[in-house]
Amino acid sequence: MECKDIRKNLSAYLEGMASPEDQELIDQHLASCRACSSALYELNRTGEVLKNLKEVEPPPWMKQKIMARVREEAGQKKGILQKLFFPLHIKVPLEAFATVLIAVIAVYVFKAVEPQMRGLQVPSPREPVIARQEAPYPAKAPAAEPQAPREKAVAQEPPAKTASKDLAVAQKETGKRARVEEEVAPKKEAAVAPPAEAPKLGESRTAERAPSPPAAAGVAPAREDKMPLAEGTARERKELKKAQPMAPSLRMAAKSKAEAISFLVRTKDVRIAGGELETLLHQLNALRVHRESRENNEVITAEVKAEKLKELVEKLSHLGEIQEKDDSLASLEKDATVRIEIIPAR
Amino acid sequence: MSNRVEGRLQTPADDDSQLVLSCRKGEIDAFEALVEKYQKKMLNVAYRMIGDYDEACEVVQDAFLSAYRSIKKFRGEARFSTWLYSIVLNLSRNRRKQIQTRGAREVYSIDAPAETEGGSLRMDPPDPGPSIPEQMEKKEVDARVQGCINGLDSEYREVLILRDIQGFSYEEIRDILKVPDGTVKSRLFRARDGLKECLKKVLGDL
């Protein structure tokens with residue numbers, strides 16, 4: 001074995017990993033070859049130098065830094081999981097809760113706003129409008145009443161009139177004064193106040209309030225103006241409903257397309273004339289005869305059949321001077337609701 | 001499959017199998033125990049591979065983090081330590097390449113010794129005195145030896161480090177480097193021979 005081959009195997013020989021044959025050959029060669037022995041020595045020394053290399057120590061912060069990064073990594077993994085699964089656990093309930101909350105708020109807001117919304121919608125239906133517009137008319141003068149059909153809805157006129165008929169009577173005496181005040185008052189106020197005022201007057205302020213000083217009439221609208229619009233309208237509706245049962249015959253009349261006829265009769269003794277008229281109406285088989293005695297007048301309403309109408313008019317002329325009558329009287333061929341107001345003669 | 005892997009992990013050959021299993025279940029403390037156990041050896045491998053302490057520290061951190069990330073992929077075909085060293089060796093190799101590409105470092109070469117930052121040749125001619133290594137400070141000897149290791153090609157350097165510095169068995173080296181036994185032996189012979197020649201130059205007579 002030449003030196004070249006020997007040196008190739010010296011590394012394995014040094015570690016005792018050469019085959020026994022090789023080991024024997026190398027031993028023999030080394031005994032005779034000084035260069036190879038020197039090479040073996042150097043190789044051995046090299047190994048020793050390497051083994052003697054001082055080990056470096058890891059810095060104390062290294063493990064902490066590694067673990068910090070590892071924990072960060074674990075946190076990120078968790079973060080991804082959270083992003084994926086949180087919607088299922090927390091986000092969905094949150095969203096559901098938010099939806100429910102919004103729905104509840106919406107309901108509350110709607111409930112809070114609803115009365116006001118109704119108030120805003122009120123002007124569109126005709127009933128209140130008519131009531132509002134007609135209310136002042138009878139107050140101005142009973143003579144203006146026949147002109148009422150100028151209003152848009154003729155069919156709905158009677159209830160409106162009924163609602164305002166008491167008002168008309170009540171305000172008759174204070175009418176002029178009230179009218180002046182209404183004219184002075186801003187249009188808005190006039191538009192808003194009467195609807196609330198009209199039924200109220202019709203209901204309670206009949207004989208008592210009527211003679212009261214005009215100042216009361218002036219104060220009332222002002223007071224009612226302060227009420228919220230919605231409340232006012234709601235009340236107005238209620239009172240209109242209350243007012244309606246007072247004249248069911250009128251409703252019937254309206255249903256059967258019967259006409260409403262008004263008379264104004266002047267006579268010396270209002271009370272006697274009222275009694276006579278009531279008797280007369282009963283004789284004429286009038287239905288729903290309703291007599292209302294007031295301080296200065298008598299108001300009688302009744303449903304009279306078409307064939308009795310002429311007779312009624314005739315008899316009325318015996319009672320006193322018929323000052324007013326509906327234009328449509330002549331053409332009447334149907335049952336009619338008659339409203340006869342008896343006032344003292346001049 | 002996973003049973004097979006876990007079965008393997010639980011073989012008594014690998015002392016770390018329990019810790020590794022715990023790590024795979026997400027127990028960070030178990031991984032910390034492995035870091036504690038291997039960080040020094042990992043750092044020494046990296047340091048001898050790269051020749052720079054700070055860079056080696058960085059590489060070791062990266063290696064542990066990489067191991068943590070892929071510990072679920074570790075199938076127990078080799079020992080955990082072997083797997084861990086292969087990671088740090090790969091990262092060290094790559095880092096060394098980066099450093100060389102940047103030209104940031106001058107390394108010793110067996111054939112063409114380089115100059116130091118100071119301008120003087122580190123690879124001085126050997127002093128005529130008989131016991132030069134003893135006369136030199138240990139630190140200086142270590143630096144020169146490291147210089148020679150750095151001068152070796154990667155394939156020789158890593159086998160030398162694993163065998164002569166870290167004392168791994170041939171079998172372990174074969175597993176870490178994934179090369180046959182014969183290759184390990186031949187590389188080791190050439191690495192030792194090259195280092196011996198270098199050391200004779202930098203240290204004088206051995």
# chains A, B, ... in the order shown; residues from 1 in each chain; ligands from 1

call {"tool": "interface_residues", "arguments": {"of": "chain B", "to": "chain A", "cutoff": "9 Å", "atoms": "only C-alpha atoms", "output": "VMD selection string"}}
result
chain B and resid 26 28 31 to 32 35 to 36 39 to 41 43 to 44 47 53 57 to 58 60 to 62 64 to 65 68 to 69 138 to 139 141 to 142 145 to 146 161 164 to 167 185 to 186 188 to 190 192 to 193 195 to 197 199 to 200 205 to 206

call {"tool": "residues_around", "arguments": {"residues": "Asp52 in chain B", "least_positions_apart": "2", "cutoff": "12 Å", "atoms": "only C-alpha atoms", "output": "ChimeraX atom specification"}}
result
/A:56 /B:43-50,54-59,92,95-96,99,104-107,143,146-147,150

call {"tool": "atom_distance", "arguments": {"atom1": "CA of Ser70 in chain B", "atom2": "CA of Lys25 in chain B"}}
result
12.8 Å
